[in-house]
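Student: First, the structure itself, so that you have it in front of you.
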2 protein chains.
Amino acid sequence: LPGMQSSGSKPCPCPGFKLREVASMYFTMVAVFLVILVVALQGSAPRGSDFPYKVPLDPQGLLELSWNVSYPQQVVHFQLLLRDLRFGLLFGMSDRGEFENADLAVLWSDGHNSYFGDAWSDAKGQLHMDSQQDYQLLGARKAPEGLYLLFRRPFSTCDPKDYLIEDGTVHLIYGILEKPVHSLHAINISAIHRGLQRVQLLKPNITVPELPSDMKTMEITAPNIVIPSQETTYWCYMTELPADFPKHHIIMYEPVITAGNEALVHHMEVFQCAAEFDSFPHYNGPCDSKMKPDRLNYCRHVLAAWAMGAQAFYYPKEAGLAFGGPGSSRYLRLEIHYHNPLVFEGRRDSSGIRLYYTATLRRYDAGIMELGLVYTPVMAIPPGEGAFILTGYCTAKCTQLALPAAGIRIFASQLHTHLAGRKVVTVLSRDGRERQVVNADGHYSPHFQEIRMLKELVAVFPGDELITTCTYNTEDRSRATVGGFGILEEMCVNYVHYYPQTQLELCKSAVDPGYLHRYFNLVNRFNDEEVCTCPQVSVPQQFYSVPWNTFNRDVLKSLYSFAPISVHCNKSSAVRFPGEWEKQPLPTITERMQEPVPHCPPASGHQPATPVSLNLGPLRRD
Amino acid sequence: LPGMQSSGSKPCPCPGFKLREVASMYFTMVAVFLVILVVALQGSAPRGSDFPYKVPLDPQGLLELSWNVSYPQQVVHFQLLLRDLRFGLLFGMSDRGEFENADLAVLWSDGHNSYFGDAWSDAKGQLHMDSQQDYQLLGARKAPEGLYLLFRRPFSTCDPKDYLIEDGTVHLIYGILEKPVHSLHAINISAIHRGLQRVQLLKPNITVPELPSDMKTMEITAPNIVIPSQETTYWCYMTELPADFPKHHIIMYEPVITAGNEALVHHMEVFQCAAEFDSFPHYNGPCDSKMKPDRLNYCRHVLAAWAMGAQAFYYPKEAGLAFGGPGSSRYLRLEIHYHNPLVFEGRRDSSGIRLYYTATLRRYDAGIMELGLVYTPVMAIPPGEGAFILTGYCTAKCTQLALPAAGIRIFASQLHTHLAGRKVVTVLSRDGRERQVVNADGHYSPHFQEIRMLKELVAVFPGDELITTCTYNTEDRSRATVGGFGILEEMCVNYVHYYPQTQLELCKSAVDPGYLHRYFNLVNRFNDEEVCTCPQVSVPQQFYSVPWNTFNRDVLKSLYSFAPISVHCNKSSAVRFPGEWEKQPLPTITERMQEPVPHCPPASGHQPATPVSLNLGPLRRD
């Protein structure tokens with residue numbers, strides 16, 4: 001055992017822990033002793049059991065993050081389990097998971113001494129100590145499974161170099177330091193083992209409703225399948241409810257994950273099939289297989305959805321999701337997205353979702369309503385746009401007709417776009433004034449679409465407007481992206497979960513096609529282009545032939561914020577409510593919601609801009 | 001004498017001062033004693049002679065403001081002379097001189113005690129104490145002429161309720177409290193005697209160049225005229241240089257104001273007439289008189305310009321403004337704007353400008369160049385716009401051709417628009433990157449157009465671009481405002497004063513007329529309007545017939561930021577430099593200048609949010 005070093009006055013020797021790989025003589029010579037020298041305990045460090053949320057960061061599951069959220073303190077407490085500590089790690093947050101312009105907590109060791117500090121990376125990826133130390137180290141703890149690091153971070157630090165933790169998706173990034181580093185500046189983030197994990201950090205602080213004594217469970221799980229040895233798989237498995245299964249209410253559901261596969265199961269959804277077909281074929285295989293029966297495309301009604309980092313989903317105590325009984329299909333489709341970037345082979349899996357249901361029906365059936373844009377090519381995004389905005393409207397006229405006088409309560413929301421989506425926001429407007437954000441995700445990713453319980457119910461009354469705005473990035477595309485079902489086409493949808501259920505299933509809009517036709521005429525004339533705008537040319541073809549200069553881009557934006565809309569105010573049967581829905585005026589907003597002013601922690605709470613020194617003495621094999 | 005009151009521990013009795021009007025028994029009963037109770041002297045209060053800038057606030061000259069600027073401290077020191085104190089006054093700043101949303105220093109008295117505080121007015125004009133006290137009272141001093149109040153104010157306070165003192169015009173407001181008030185909240189700003197004065201608070205801190213021993217002076221002044229008894233008069237007076245007056249350099253000029261008329265003389269300009277006419281008629285009368293000879297319209301070359309609050313104007317030591325000698329006219333026109341809102345009658349005036357000139361020519365002739373927009377109706381502003389932006393370009397191609405390799409130095413600038421102008425900014429761009437602000441006025445007023453010396457010389461080299469942006473407000477107009485010479489038409493001009501003089505007299509632009517024609521076609525087709533866009537209809541008529549919906553407004557903006565431009569790159573003789581100047585591409589900007597981050601004073605420097613108590617004991621007649 002090499003000589004143990006102690007660089008300070010309060011050494012606290014901790015047992016060494018396992019070094020997984022011995023890569024060089026240097027590595028074999030070093031031993032791990034973790035000595036916390038200077039750790040200002042700001043508030044008491046929560047115990048391990050106090051972290052209700054957990055997610056693996058890397059595909060091997062070597063780094064595991066747990067956390068909790070204190071809304072009164074506006075602080076997140078993190079517990080990071082490092083199963084295999086090398087010479088430190090980077091953990092942090094950035095706008096979309098990039099390592100440039102990121103806000104980082106860094107633990108680094110020169111082989112003898114170790115340090116913890118709040119850092120940031122510049123546009124070139126160079127690390128710098130932060131002038132305000134807002135990742136506050138609370139402690140470190142050795143356990144047989146690895147090293148636990150505890151630290152906290154306020155939602156908002158008011159340091160312009162820091163990430164602002166907001167509702168919606170947060171892109172967490174991590175990097176593992178596999179060699180000793182002598183300073184923060186010596187870390188080359190492009191050369192380290194690193195990755196990204198998306199989570200909803202600010203989970204809602206809901207009260208779990210009381211569960212009935214007659215509650216039963218049903219597991220919709222994959223039948224011990226072999227996860228394909230490829231990065232991305234969408235697995236489809238068909239199952240069915242028992243014959244003559246009467247109407248029940250789903251009141252809760254939770255994930256069932258096969259032990260060891262926590263880092264591979266990315267998201268799962270249970271869909272109910274369409275009632276108009278008496279039967280559906282069995283199927284158990286990849287969703288994109290040629291062998292998959294086409295009829296499975298009619299299994300699209302979401303019963304449950306889970307994504308990595310999410311917990312159990314609870315319906316509000318007044319409502320449940322109806323399933324079973326006459327008028328609904330017995331057939332269910334389970335879809336699992338496996339994310340296997342390390343291409344593990346032969347992993348078996350029986351993950352799925354456990355439904356909790358009751359025959360004692362609650363007062364209200366829950367419903368799902370689709371807000372946003374109609375799936376139509378008339379809504380398009382020019383190529384090369386950094387942040388192009390499309391807006392879909394659920395108009396006052398539709399809610400007036402379709403909602404009960406007592407209104408509905410939205411309790412959950414699932415945002416949806418295809419690959420170009422970057423932000424999605426739905427706002428409730430009443431009498432032309434924006435009143436409440438229904439759901440907002442400023443760091444939305446199409447790769448992380450979970451059903452999110454809302455922090456508070458949103459009451460929607462007849463005459464209210466629900467305005468859904470999606471922001472797209474098409475910088476990597478060379479032709480226009482039109483609306484549609486294809487993966488390279490776009491959508492802008494918010495599936496809101498509400499009660500009591502109404503006939504209104506879809507409240508969406510798109511620009512009036514006649515006005516779009518005028519747009520094509522206009523840009524072609526303006527640009528002296530001989531482009532055919534004859535009726536026989538499809539809308540996508542017309543968009544593809546637009547020469548995208550700044551004028552044509554600007555005028556398309558002007559068109560979308562001016563032209564009347566076609567409103568889809570539809571019943572369950574995809575039939576419109578009676579009324580005139582074409583060439584409707586755009587809702588006018590006379591008063592916008594104010595951006596919330598970030599609450600800053602008091603300046604005295606900040607630690608100085610120097611790293612906390614640890615004695616992470618030479619590593620040794622356990 | 002009524003009993004003197006003392007409300008604190010450090011009474012400092014000062015002699016009373018004159019009450020100009022005795023309006024009521026109450027007024028006659030009170031006597032003035034000023035007792036400063038709590039005045040934290042933050043730095044030493046400058047003496048009266050330390051205030052180089054002075055301006056009357058009200059048309060009677062009862063309130064007189066002097067000030068100085070400390071750039072190292074980023075602070076303005078104010079000295080306010082109240083010749084006739086009643087029960088206090090309001091003094092402050094607001095975006096455009098309005099009394100709502102204003103940042104105010106208030107001195108108020110309940111008849112016994114008096115208070116000074118930093119306040120703000122809300123959107124309804126209600127006054128509130130500021131949570132940060134940033135107008136800091138430094139002292140008060142009684143003199144035979146009245147009461148002097150001394151206070152200071154940082155440029156930036158970082159209090160969102162406060163006005164940010166920036167370069168360019170500042171709208172100062174004042175109000176006189178003629179009745180006792182028992183609290184700040186009791187002040188009804190709509191009921192008080194109040195007014196507005198525009199000044200450039202942040203005067204440049206220039207070094208006065210050494211003046212030659214052979215310097216002579218010449219006064220161009222009105223010949224003891226009677227100021228008309230009407231609010232606004234532009235007076236025109238023709239005079240001439242001696243015969244055979246050789247070439248000289250004007251190296252400085254300053255205002256000459258008839259004593260007592262300081263508050264009436266709003267601004268003055270000396271113009272040189274066009275050299276192509278051998279003689280000009282004499283004239284002495286209002287500029288808008290039918291008696292004024294038309295030929296006087298050819299006297300437009302600015303030799304000197306002064307506006308209220310401005311000081312002497314100095315040319316840089318390397319340059320002077322040529323006048324006299326062959327090739328220039330002997331005839332000069334003096335124009336004086338008298339602002340006489342109280343309609344004083346029979347006031348005689350001999351104000352004007354004193355030119356300091358030398359026969360020992362300096363190294364360089366100074367020149368004046370016109371930047372911005374061509375005077376043409378193709379550049380127009382829709383009605384009802386709050387902040388519509390038009391931009392004029394002096395392109396790289398023009399500066400490449402017309403400027404010497406060593407470049408030119410801009411040392412002064414006069415911004416010019418007509419009545420709708422609200423902001424004017426000229427920025428220097430090199431290689432597509434904005435480098436330097438030439439002159440910016442975010443609170444520009446067409447009623448306050450002075451030649452401003454720049455804080456630092458701006459070097460312009462061949463290939464540089466000078467981009468002038470004007471912001472207009474047309475909320476009170478019902479039809480489009482087109483570019484042109486008329487007072488209800490608009491201009492966007494920056495007259496820059498520079499050396500060495502070049503042939504380039506005008507470097508401006510306007511949108512290509514062909515593209516504008518396409519715009520008219522486009523909006524008429526888009527809106528299904530049967531508006532004639534035939535060539536025989538004038539551009540103004542076409543603008544007047546556009547139906548101004550949001551689409552047509554947006555598309556006009558898009559046109560102006562996309563369409564190629566016609567560049568006027570002209571020599572003194574209104575002849576273009578040789579080259580192709582039509583359908584030129586718009587300069588592209590790849591990097592914008594960063595907004596400066598306001599420097600905030602340290603929090604400890606703030607006084608608590610309570611008024612400073614004074615004992616302004618009962619007023620008495622002196």
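In the structure tokens, each chain is lettered A, B, ... as it comes, each chain's residues begin at 1, and ligands are numbered from 1 in order of appearance.
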Hey, list the chain B side of the contact with chain A: 8 Å cut-off, only C-alpha atoms, answer as a list in words.

Tutor: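 Applying the cut-off to the listed atoms yields Tyr515, Arg518, Tyr519, Leu522, Phe526, Thr550, Phe551, Asp554, Val555, Ser558, Leu559, Ser561 and Phe562 of chain B.
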
Student: Mind checking which residues fall within 10 Å of Asp288 (chain A), counting only C-alpha atoms, ignoring those fewer than 6 positions away in the same chain, and posting them as a count of residues only?

Tutor: 4

Student: CA of Thr217 (chain B) and CA of Tyr357 (chain B) are how many Å apart?

Tutor: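 Going from CA of Thr217 (chain B) over to CA of Tyr357 (chain B) covers 6.2 Å.
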
Student: Do you have the CA of Asp349 (chain A)-CA of His249 (chain A) distance handy?

Tutor: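 Pair CA of Asp349 (chain A) / CA of His249 (chain A) returns 28.0 Å.
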
Student: Counting only C-alpha atoms, what is within 8 Å of Leu80 (chain A), bar same-chain residues fewer than 5 positions away, as number ranges by chain?

Tutor: A: 63-66, 148-150
